[in-house]
Amino acid sequence: MNGAAELSRLPFARPNVLDLAPLYEVLRREAPITPVTTPAGDPAWLVTRFDEVRDLLSDKRLGRSHPEPERASRITTAAVQEGPSGNYATEEADHTRMRRLLTPAFSARRMVMLSDHVRQLVDGCIDRLLAERAVAPGGVVDLHAGLAFPVPVAVICRLLGVPESDREHFASLSERMADYAIGDDAERARDEFNDYMSTLAEAKRTRPGEDVISDLVRAQSADADFDHSEMIRLCVGLLFAGHETTVNRIGLGTLFLLTRPEQWRALIADPAGRVNATVEEIMRLGAPGDLGLLRYAHTDVDVAGVTIRCGDAVILSVNSANRDAAVYTDAETFDPDRPERNHLGFGHGPHFCIGASLARTELRVVFAALAERLPGLRLAKDVDDLPMRTTLTGGVSELPVTW
């Protein structure tokens, strides 16, 4: 992968937060695995077609670690996905241990039990939005600040055991850590996040609770192969991943519905009957960010006529794959009634998102509640004018609405 300066540079320009760059359609058709330059200025392979993205997501020849980390391409300056992570020699075993530890905490049964709490949080946010609208200029309120952001933050903090008094601090650190436009500050935020989490873990060690961080502290104490730094890294990752993509999808899902009035009316008419399919379509079209999932080849990999060399960076564009016209009828159209349900919004294979049940629970509660309580909801600004977040998960930084 030489001549990186001549390659197409990510992220590609997109017309608005709901539509991808037109270049993705061209690449799926003509060059589904193509060399690009990352925002950090390094070479990588970009994979855009559904079949190849799905297959490589479950291919054990690719991983998050790198055989020579100091030589690895970096994807961004955001601290949560700048480059390789984990131990190259033990990645598979570490991943298996992590799944074993966390699966009970994110089980579908536990998420059903959590749904009442999520509905209370959502109703509380809507109550505050109703009160805010009564005095806001023009009756316009920000659904991002008032609901899309605080609900996932509160849910993941409760599940993991972050004290309520620390949630605003945690949310600020997370936002800075994920921003690939702020350079060194993302690194500082990661260091602060690690320090905070290490302090919290030690507090759980002396006073454990019924939460995921306490569970991990107990597991780390009992397992000599599960070291402290790995535990802290896992806790930070869970707190970040457990809310960021859901924040993004609440915002994008609202936009998809409000810009397609027939789908919004259908959800209002039957929230219980339509919310599941609506959420799956939001998961398909609202995949996170402008980049993709970063992997590194652990050996040479031949795919779609291209040889990816050992150590090469690979960016799997779930956004593009989920809009592949070879897989989905009218792929760019938001249609909860579509027959295809095989999206990659939660990944695929052994790395299928462990928090999928949590995300589905939150999204179903949010959109059912919005349809029931705010049926007159409408956008107060054109989609093309909405500011996009410069974070890995993308979405909008504000969502002005009224009703």
# chains A, B, ... in the order shown; residues from 1 in each chain; ligands from 1
call {"tool": "residues_around", "arguments": {"residues": "region 57-62 of chain A", "least_positions_apart": "3", "cutoff": "8 Å", "atoms": "only C-alpha atoms", "output": "ChimeraX atom specification"}}
result
/A:53-54,295-299,301,316,347-351
call {"tool": "write_last_selection", "arguments": {"atoms": "N, CA and C atoms", "output": "PDB file, in the first residue's frame"}}
result
ATOM      1  N   VAL A  53     -17.899  -7.170   3.871  1.00  0.00           N
ATOM      2  CA  VAL A  53     -17.909  -6.646   5.232  1.00  0.00           C
ATOM      3  C   VAL A  53     -18.387  -7.716   6.207  1.00  0.00           C
ATOM      4  N   ARG A  54     -19.469  -8.398   5.859  1.00  0.00           N
ATOM      5  CA  ARG A  54     -19.988  -9.462   6.738  1.00  0.00           C
ATOM      6  C   ARG A  54     -18.951 -10.557   6.933  1.00  0.00           C
ATOM      7  N   ARG A 295      -9.840  -2.874  11.736  1.00  0.00           N
ATOM      8  CA  ARG A 295      -9.232  -4.176  11.989  1.00  0.00           C
ATOM      9  C   ARG A 295      -7.843  -4.201  11.360  1.00  0.00           C
ATOM     10  N   TYR A 296      -7.028  -5.183  11.787  1.00  0.00           N
ATOM     11  CA  TYR A 296      -5.707  -5.386  11.205  1.00  0.00           C
ATOM     12  C   TYR A 296      -5.573  -6.839  10.766  1.00  0.00           C
ATOM     13  N   ALA A 297      -4.953  -7.044   9.616  1.00  0.00           N
ATOM     14  CA  ALA A 297      -4.744  -8.399   9.117  1.00  0.00           C
ATOM     15  C   ALA A 297      -3.645  -9.079   9.928  1.00  0.00           C
ATOM     16  N   HIS A 298      -3.953 -10.281  10.446  1.00  0.00           N
ATOM     17  CA  HIS A 298      -2.972 -11.044  11.210  1.00  0.00           C
ATOM     18  C   HIS A 298      -2.197 -12.016  10.328  1.00  0.00           C
ATOM     19  N   THR A 299      -2.620 -12.112   9.083  1.00  0.00           N
ATOM     20  CA  THR A 299      -1.906 -12.889   8.073  1.00  0.00           C
ATOM     21  C   THR A 299      -2.353 -12.347   6.727  1.00  0.00           C
ATOM     22  N   VAL A 301      -4.515 -12.023   3.547  1.00  0.00           N
ATOM     23  CA  VAL A 301      -5.914 -12.387   3.319  1.00  0.00           C
ATOM     24  C   VAL A 301      -6.267 -12.039   1.883  1.00  0.00           C
ATOM     25  N   LEU A 316     -13.874  -1.524   7.890  1.00  0.00           N
ATOM     26  CA  LEU A 316     -15.096  -2.179   7.431  1.00  0.00           C
ATOM     27  C   LEU A 316     -16.244  -1.182   7.540  1.00  0.00           C
ATOM     28  N   GLY A 347     -22.906  -5.597  13.975  1.00  0.00           N
ATOM     29  CA  GLY A 347     -21.776  -6.434  13.622  1.00  0.00           C
ATOM     30  C   GLY A 347     -22.229  -7.813  13.170  1.00  0.00           C
ATOM     31  N   HIS A 348     -21.324  -8.778  13.282  1.00  0.00           N
ATOM     32  CA  HIS A 348     -21.600 -10.134  12.787  1.00  0.00           C
ATOM     33  C   HIS A 348     -20.549 -11.076  13.360  1.00  0.00           C
ATOM     34  N   GLY A 349     -20.962 -12.321  13.595  1.00  0.00           N
ATOM     35  CA  GLY A 349     -20.011 -13.340  14.010  1.00  0.00           C
ATOM     36  C   GLY A 349     -19.624 -13.236  15.478  1.00  0.00           C
ATOM     37  N   PRO A 350     -18.422 -13.689  15.828  1.00  0.00           N
ATOM     38  CA  PRO A 350     -18.019 -13.749  17.249  1.00  0.00           C
ATOM     39  C   PRO A 350     -17.926 -12.373  17.904  1.00  0.00           C
ATOM     40  N   HIS A 351     -17.840 -11.306  17.114  1.00  0.00           N
ATOM     41  CA  HIS A 351     -17.781  -9.957  17.679  1.00  0.00           C
ATOM     42  C   HIS A 351     -19.122  -9.238  17.580  1.00  0.00           C
TER      43      HIS A 351
END
call {"tool": "select_by_dssp", "arguments": {"residues": "region 31-255 of chain A", "states": "helix (DSSP H, G or I)", "output": "PyMOL selection string"}}
result
chain A and resi 50-57+69-71+91-102+108-135+137-139+143-148+150-160+164-178+184-206+212-222+228-255
call {"tool": "residues_around", "arguments": {"residues": "Gly289 (chain A)", "least_positions_apart": "4", "cutoff": "12 Å", "atoms": "only C-alpha atoms", "output": "PyMOL selection string"}}
result
chain A and resi 10-12+14+17-20+81+178-180+244-249+252+285+293+316-320+345+388-396
call {"tool": "residues_around", "arguments": {"residues": "Asp324 (chain A)", "least_positions_apart": "5", "cutoff": "9 Å", "atoms": "only C-alpha atoms", "output": "list in words"}}
result
Glu25, Arg28, Thr48, Arg49, Phe50, Thr329, Ala331 and Glu332 of chain A
call {"tool": "write_last_selection", "arguments": {"atoms": "N, CA, C and O atoms", "output": "compact mmCIF listing (two decimals), in the first residue's frame"}}
result
# COMPACT_ATOMS: atom_id res chain seq x y z
N GLU A 25 -21.47 4.29 -3.20
CA GLU A 25 -22.17 3.47 -4.18
C GLU A 25 -21.25 3.09 -5.33
O GLU A 25 -21.28 1.95 -5.82
N ARG A 28 -18.84 0.34 -4.04
CA ARG A 28 -19.47 -0.99 -3.92
C ARG A 28 -19.55 -1.67 -5.27
O ARG A 28 -19.36 -2.89 -5.39
N THR A 48 -16.47 -1.93 1.40
CA THR A 48 -17.76 -1.23 1.31
C THR A 48 -18.94 -2.11 0.97
O THR A 48 -20.08 -1.68 1.14
N ARG A 49 -18.73 -3.33 0.48
CA ARG A 49 -19.85 -4.17 0.02
C ARG A 49 -20.30 -5.13 1.12
O ARG A 49 -19.49 -5.59 1.91
N PHE A 50 -21.59 -5.41 1.16
CA PHE A 50 -22.18 -6.19 2.25
C PHE A 50 -21.48 -7.53 2.44
O PHE A 50 -21.10 -7.89 3.56
N THR A 329 -33.73 -4.15 -1.24
CA THR A 329 -34.60 -3.48 -2.19
C THR A 329 -34.71 -2.01 -1.82
O THR A 329 -34.94 -1.67 -0.66
N ALA A 331 -32.44 0.30 -1.40
CA ALA A 331 -31.56 0.26 -0.23
C ALA A 331 -31.46 1.59 0.51
O ALA A 331 -31.25 1.61 1.73
N GLU A 332 -31.61 2.71 -0.18
CA GLU A 332 -31.48 4.02 0.47
C GLU A 332 -32.78 4.48 1.12
O GLU A 332 -32.79 5.51 1.80
call {"tool": "closest_atom_pairs", "arguments": {"of": "region 119-154 of chain A", "to": "region 358-370 of chain A", "cutoff": "8 Å", "atoms": "only C-alpha atoms", "output": "tab-separated table"}}
result
residue	atom	partner	partner_atom	distance
A:Arg119	CA	A:Val365	CA	6.0
A:Val122	CA	A:Val366	CA	6.4
A:Asp123	CA	A:Ala369	CA	7.4
A:Pro152	CA	A:Glu362	CA	7.4
call {"tool": "closest_residue", "arguments": {"among": "A:Glu340, A:Ala131, A:Phe240, A:Ala44", "to": "Ser172 (chain A)", "atoms": "only C-alpha atoms"}}
result
A:Phe240
call {"tool": "closest_residue", "arguments": {"among": "A:Glu187, A:Asp42, A:Glu30, A:Asp385", "to": "Arg9 (chain A)", "atoms": "only C-alpha atoms"}}
result
A:Asp42
call {"tool": "closest_residue", "arguments": {"among": "A:Gly242, A:Met231, A:His95, A:Ser214", "to": "Cys157 (chain A)", "atoms": "only C-alpha atoms"}}
result
A:Gly242
call {"tool": "residues_around", "arguments": {"residues": "Leu160 (chain A)", "least_positions_apart": "3", "cutoff": "12 Å", "atoms": "only C-alpha atoms", "output": "PyMOL selection string"}}
result
chain A and resi 102+105-106+153-157+163-164+167+197+200-201+204+208-217+234-240+242-243
call {"tool": "write_last_selection", "arguments": {"atoms": "N, CA, C and O atoms", "output": "compact mmCIF listing (two decimals), in the first residue's frame"}}
result
# COMPACT_ATOMS: atom_id res chain seq x y z
N LEU A 102 -19.18 -10.83 30.51
CA LEU A 102 -20.19 -9.79 30.29
C LEU A 102 -21.53 -10.30 29.81
O LEU A 102 -22.54 -9.60 29.96
N ALA A 105 -24.54 -9.97 32.16
CA ALA A 105 -24.95 -8.59 32.45
C ALA A 105 -25.79 -8.00 31.32
O ALA A 105 -26.64 -7.14 31.57
N PHE A 106 -25.58 -8.46 30.08
CA PHE A 106 -26.29 -7.91 28.94
C PHE A 106 -27.27 -8.91 28.33
O PHE A 106 -27.63 -8.81 27.16
N VAL A 153 -26.85 7.73 28.51
CA VAL A 153 -25.83 7.95 29.54
C VAL A 153 -26.32 7.42 30.89
O VAL A 153 -25.61 6.70 31.60
N ALA A 154 -27.56 7.78 31.26
CA ALA A 154 -28.10 7.34 32.55
C ALA A 154 -28.24 5.82 32.61
O ALA A 154 -27.96 5.20 33.65
N VAL A 155 -28.63 5.20 31.50
CA VAL A 155 -28.84 3.75 31.48
C VAL A 155 -27.52 3.01 31.66
O VAL A 155 -27.41 2.10 32.49
N ILE A 156 -26.50 3.37 30.87
CA ILE A 156 -25.24 2.63 30.96
C ILE A 156 -24.55 2.91 32.29
O ILE A 156 -23.91 2.01 32.87
N CYS A 157 -24.69 4.11 32.82
CA CYS A 157 -24.09 4.40 34.13
C CYS A 157 -24.75 3.57 35.23
O CYS A 157 -24.07 3.05 36.11
N PRO A 163 -21.64 6.38 39.75
CA PRO A 163 -22.50 7.20 40.61
C PRO A 163 -23.20 8.31 39.82
O PRO A 163 -22.62 8.89 38.90
N GLU A 164 -24.44 8.59 40.20
CA GLU A 164 -25.22 9.61 39.48
C GLU A 164 -24.51 10.96 39.49
O GLU A 164 -24.56 11.71 38.51
N ARG A 167 -22.06 11.47 36.50
CA ARG A 167 -22.48 11.20 35.12
C ARG A 167 -22.19 12.35 34.16
O ARG A 167 -21.82 12.13 33.02
N MET A 197 -11.73 5.84 35.98
CA MET A 197 -12.22 4.46 36.07
C MET A 197 -11.39 3.64 37.05
O MET A 197 -11.94 2.79 37.78
N LEU A 200 -12.66 4.55 40.45
CA LEU A 200 -13.97 3.94 40.69
C LEU A 200 -13.85 2.44 40.94
O LEU A 200 -14.51 1.89 41.83
N ALA A 201 -12.99 1.76 40.18
CA ALA A 201 -12.80 0.32 40.37
C ALA A 201 -12.26 0.01 41.76
O ALA A 201 -12.69 -0.97 42.40
N LYS A 204 -15.03 0.18 44.17
CA LYS A 204 -15.87 -1.01 44.08
C LYS A 204 -15.20 -2.22 44.75
O LYS A 204 -15.88 -3.12 45.24
N PRO A 208 -18.28 -3.24 46.95
CA PRO A 208 -18.90 -3.70 45.70
C PRO A 208 -20.41 -3.49 45.72
O PRO A 208 -21.03 -3.44 46.78
N GLY A 209 -20.96 -3.37 44.52
CA GLY A 209 -22.41 -3.25 44.38
C GLY A 209 -22.93 -4.28 43.41
O GLY A 209 -22.20 -5.16 42.95
N GLU A 210 -24.21 -4.17 43.06
CA GLU A 210 -24.82 -5.05 42.06
C GLU A 210 -24.72 -4.37 40.70
O GLU A 210 -25.70 -3.85 40.18
N ASP A 211 -23.51 -4.36 40.16
CA ASP A 211 -23.27 -3.68 38.90
C ASP A 211 -22.13 -4.35 38.15
O ASP A 211 -21.38 -5.16 38.71
N VAL A 212 -21.97 -3.99 36.90
CA VAL A 212 -21.00 -4.66 36.03
C VAL A 212 -19.56 -4.37 36.46
O VAL A 212 -18.71 -5.27 36.43
N ILE A 213 -19.25 -3.16 36.86
CA ILE A 213 -17.88 -2.86 37.27
C ILE A 213 -17.49 -3.67 38.51
O ILE A 213 -16.38 -4.21 38.59
N SER A 214 -18.41 -3.80 39.44
CA SER A 214 -18.13 -4.64 40.61
C SER A 214 -17.89 -6.08 40.20
O SER A 214 -17.00 -6.76 40.73
N ASP A 215 -18.68 -6.57 39.23
CA ASP A 215 -18.48 -7.94 38.73
C ASP A 215 -17.08 -8.10 38.13
O ASP A 215 -16.41 -9.12 38.34
N LEU A 216 -16.64 -7.09 37.35
CA LEU A 216 -15.33 -7.18 36.72
C LEU A 216 -14.21 -7.10 37.75
O LEU A 216 -13.18 -7.78 37.62
N VAL A 217 -14.39 -6.28 38.77
CA VAL A 217 -13.38 -6.20 39.83
C VAL A 217 -13.24 -7.54 40.53
O VAL A 217 -12.12 -8.02 40.80
N LEU A 234 -11.31 -2.31 29.59
CA LEU A 234 -12.62 -2.89 29.30
C LEU A 234 -13.73 -2.03 29.89
O LEU A 234 -14.75 -1.78 29.22
N CYS A 235 -13.56 -1.53 31.10
CA CYS A 235 -14.57 -0.68 31.72
C CYS A 235 -14.78 0.61 30.93
O CYS A 235 -15.93 1.04 30.69
N VAL A 236 -13.68 1.23 30.51
CA VAL A 236 -13.78 2.45 29.71
C VAL A 236 -14.49 2.16 28.40
O VAL A 236 -15.38 2.91 27.97
N GLY A 237 -14.13 1.06 27.75
CA GLY A 237 -14.78 0.70 26.49
C GLY A 237 -16.27 0.46 26.64
O GLY A 237 -17.07 0.88 25.80
N LEU A 238 -16.66 -0.20 27.73
CA LEU A 238 -18.07 -0.46 27.96
C LEU A 238 -18.86 0.82 28.20
O LEU A 238 -19.95 1.01 27.66
N LEU A 239 -18.31 1.71 29.00
CA LEU A 239 -18.99 2.96 29.27
C LEU A 239 -19.14 3.79 28.00
O LEU A 239 -20.18 4.40 27.75
N PHE A 240 -18.10 3.79 27.17
CA PHE A 240 -18.16 4.56 25.93
C PHE A 240 -19.13 3.93 24.93
O PHE A 240 -20.08 4.56 24.48
N GLY A 242 -21.35 1.76 25.38
CA GLY A 242 -22.68 1.51 25.89
C GLY A 242 -23.65 2.65 25.74
O GLY A 242 -24.85 2.48 25.99
N HIS A 243 -23.16 3.84 25.37
CA HIS A 243 -24.11 4.95 25.18
C HIS A 243 -23.91 5.69 23.86
O HIS A 243 -24.88 6.18 23.27
call {"tool": "residues_around", "arguments": {"residues": "Ile33 (chain A)", "least_positions_apart": "3", "cutoff": "7 Å", "atoms": "only C-alpha atoms", "output": "ChimeraX atom specification"}}
result
/A:45-48
call {"tool": "atom_distance", "arguments": {"atom1": "CA of Val327 (chain A)", "atom2": "CA of Gln263 (chain A)"}}
result
22.0 Å
call {"tool": "closest_residue", "arguments": {"among": "A:Val151, A:Leu399, A:Leu27, A:Ala171", "to": "Ala321 (chain A)", "atoms": "only C-alpha atoms"}}
result
A:Leu27
call {"tool": "residues_around", "arguments": {"residues": "Ser357 (chain A)", "least_positions_apart": "6", "cutoff": "10 Å", "atoms": "only C-alpha atoms", "output": "NGL selection string"}}
result
:A and (106-112 or 346 or 363)
call {"tool": "closest_residue", "arguments": {"among": "A:Asp384, A:Arg378, A:Asp337, A:Thr254", "to": "Gly139 (chain A)", "atoms": "only C-alpha atoms"}}
result
A:Arg378
call {"tool": "closest_residue", "arguments": {"among": "A:Ala203, A:Ala371, A:Ala224, A:Ala313", "to": "Val275 (chain A)", "atoms": "only C-alpha atoms"}}
result
A:Ala371
call {"tool": "select_by_dssp", "arguments": {"residues": "region 261-391 of chain A", "states": "strand (DSSP E)", "output": "tab-separated table (two decimals) with all heavy atoms, in the first residue's frame"}}
result
chain	number	residue	atom	x	y	z
A	293	LEU	N	-15.36	0.24	11.07
A	293	LEU	CA	-14.74	-0.54	12.14
A	293	LEU	C	-13.31	-0.90	11.72
A	293	LEU	O	-13.08	-1.46	10.66
A	293	LEU	CB	-15.55	-1.81	12.40
A	293	LEU	CG	-17.00	-1.58	12.81
A	293	LEU	CD1	-17.73	-2.92	12.95
A	293	LEU	CD2	-17.09	-0.80	14.11
A	294	LEU	N	-12.36	-0.60	12.59
A	294	LEU	CA	-10.95	-0.81	12.29
A	294	LEU	C	-10.51	-2.21	12.67
A	294	LEU	O	-10.76	-2.68	13.78
A	294	LEU	CB	-10.11	0.22	13.06
A	294	LEU	CG	-8.59	0.09	12.96
A	294	LEU	CD1	-8.12	0.32	11.53
A	294	LEU	CD2	-7.92	1.07	13.92
A	295	ARG	N	-9.84	-2.87	11.74
A	295	ARG	CA	-9.23	-4.18	11.99
A	295	ARG	C	-7.84	-4.20	11.36
A	295	ARG	O	-7.52	-3.38	10.51
A	295	ARG	CB	-10.09	-5.32	11.39
A	295	ARG	CG	-11.51	-5.42	11.95
A	295	ARG	CD	-11.51	-5.90	13.38
A	295	ARG	NE	-12.87	-6.12	13.87
A	295	ARG	CZ	-13.60	-5.22	14.51
A	295	ARG	NH1	-13.10	-4.00	14.71
A	295	ARG	NH2	-14.81	-5.52	14.93
A	296	TYR	N	-7.03	-5.18	11.79
A	296	TYR	CA	-5.71	-5.39	11.21
A	296	TYR	C	-5.57	-6.84	10.77
A	296	TYR	O	-6.02	-7.76	11.47
A	296	TYR	CB	-4.60	-5.06	12.22
A	296	TYR	CG	-4.56	-3.60	12.62
A	296	TYR	CD1	-5.18	-3.17	13.78
A	296	TYR	CD2	-3.91	-2.67	11.82
A	296	TYR	CE1	-5.14	-1.83	14.15
A	296	TYR	CE2	-3.87	-1.33	12.17
A	296	TYR	CZ	-4.50	-0.91	13.35
A	296	TYR	OH	-4.47	0.41	13.70
A	297	ALA	N	-4.95	-7.04	9.62
A	297	ALA	CA	-4.74	-8.40	9.12
A	297	ALA	C	-3.65	-9.08	9.93
A	297	ALA	O	-2.56	-8.53	10.10
A	297	ALA	CB	-4.37	-8.36	7.65
A	301	VAL	N	-4.52	-12.02	3.55
A	301	VAL	CA	-5.91	-12.39	3.32
A	301	VAL	C	-6.27	-12.04	1.88
A	301	VAL	O	-6.15	-10.88	1.46
A	301	VAL	CB	-6.85	-11.63	4.28
A	301	VAL	CG1	-8.31	-12.00	4.01
A	301	VAL	CG2	-6.49	-11.91	5.73
A	302	ASP	N	-6.71	-13.03	1.11
A	302	ASP	CA	-7.17	-12.81	-0.26
A	302	ASP	C	-8.69	-12.71	-0.25
A	302	ASP	O	-9.38	-13.65	0.18
A	302	ASP	CB	-6.74	-13.94	-1.18
A	302	ASP	CG	-5.23	-13.98	-1.37
A	302	ASP	OD1	-4.63	-12.90	-1.52
A	302	ASP	OD2	-4.66	-15.09	-1.37
A	303	VAL	N	-9.23	-11.58	-0.72
A	303	VAL	CA	-10.68	-11.39	-0.73
A	303	VAL	C	-11.06	-10.47	-1.89
A	303	VAL	O	-10.42	-9.45	-2.11
A	303	VAL	CB	-11.17	-10.82	0.63
A	303	VAL	CG1	-10.49	-9.51	0.97
A	303	VAL	CG2	-12.68	-10.65	0.66
A	306	VAL	N	-8.37	-9.07	-4.11
A	306	VAL	CA	-7.38	-8.19	-3.49
A	306	VAL	C	-6.63	-8.97	-2.42
A	306	VAL	O	-7.24	-9.74	-1.66
A	306	VAL	CB	-8.05	-6.95	-2.87
A	306	VAL	CG1	-7.05	-6.14	-2.05
A	306	VAL	CG2	-8.67	-6.08	-3.96
A	307	THR	N	-5.32	-8.78	-2.34
A	307	THR	CA	-4.53	-9.38	-1.26
A	307	THR	C	-4.25	-8.33	-0.20
A	307	THR	O	-3.57	-7.33	-0.47
A	307	THR	CB	-3.21	-9.96	-1.77
A	307	THR	OG1	-3.48	-10.99	-2.73
A	307	THR	CG2	-2.40	-10.55	-0.63
A	308	ILE	N	-4.79	-8.56	0.98
A	308	ILE	CA	-4.52	-7.70	2.13
A	308	ILE	C	-3.34	-8.32	2.88
A	308	ILE	O	-3.41	-9.47	3.32
A	308	ILE	CB	-5.76	-7.61	3.03
A	308	ILE	CG1	-6.94	-7.00	2.25
A	308	ILE	CG2	-5.47	-6.80	4.28
A	308	ILE	CD1	-8.27	-7.09	2.99
A	313	ALA	N	-4.01	-2.25	7.72
A	313	ALA	CA	-5.24	-1.79	8.36
A	313	ALA	C	-6.42	-1.99	7.42
A	313	ALA	O	-6.30	-1.77	6.21
A	313	ALA	CB	-5.12	-0.33	8.75
A	314	VAL	N	-7.54	-2.40	7.98
A	314	VAL	CA	-8.77	-2.64	7.20
A	314	VAL	C	-9.91	-1.90	7.89
A	314	VAL	O	-10.13	-2.07	9.09
A	314	VAL	CB	-9.08	-4.16	7.12
A	314	VAL	CG1	-10.33	-4.39	6.28
A	314	VAL	CG2	-7.90	-4.93	6.55
A	315	ILE	N	-10.63	-1.09	7.13
A	315	ILE	CA	-11.77	-0.36	7.66
A	315	ILE	C	-13.03	-0.94	7.04
A	315	ILE	O	-13.23	-0.90	5.82
A	315	ILE	CB	-11.67	1.14	7.36
A	315	ILE	CG1	-10.42	1.72	8.02
A	315	ILE	CG2	-12.91	1.88	7.84
A	315	ILE	CD1	-10.13	3.16	7.64
A	316	LEU	N	-13.87	-1.52	7.89
A	316	LEU	CA	-15.10	-2.18	7.43
A	316	LEU	C	-16.24	-1.18	7.54
A	316	LEU	O	-16.68	-0.83	8.64
A	316	LEU	CB	-15.38	-3.42	8.28
A	316	LEU	CG	-14.23	-4.44	8.36
A	316	LEU	CD1	-14.57	-5.55	9.35
A	316	LEU	CD2	-13.94	-5.02	6.98
A	378	ARG	N	-42.22	17.61	15.25
A	378	ARG	CA	-41.73	17.96	13.91
A	378	ARG	C	-40.41	18.69	14.03
A	378	ARG	O	-40.09	19.27	15.09
A	378	ARG	CB	-42.74	18.81	13.13
A	378	ARG	CG	-43.02	20.17	13.74
A	378	ARG	CD	-44.09	20.90	12.93
A	378	ARG	NE	-44.26	22.29	13.36
A	378	ARG	CZ	-45.00	22.67	14.37
A	378	ARG	NH1	-45.68	21.78	15.08
A	378	ARG	NH2	-45.11	23.95	14.68
A	379	LEU	N	-39.63	18.68	12.97
A	379	LEU	CA	-38.32	19.33	12.97
A	379	LEU	C	-38.50	20.84	12.91
A	379	LEU	O	-39.40	21.34	12.24
A	379	LEU	CB	-37.49	18.87	11.77
A	379	LEU	CG	-37.07	17.40	11.75
A	379	LEU	CD1	-36.31	17.11	10.46
A	379	LEU	CD2	-36.20	17.06	12.95
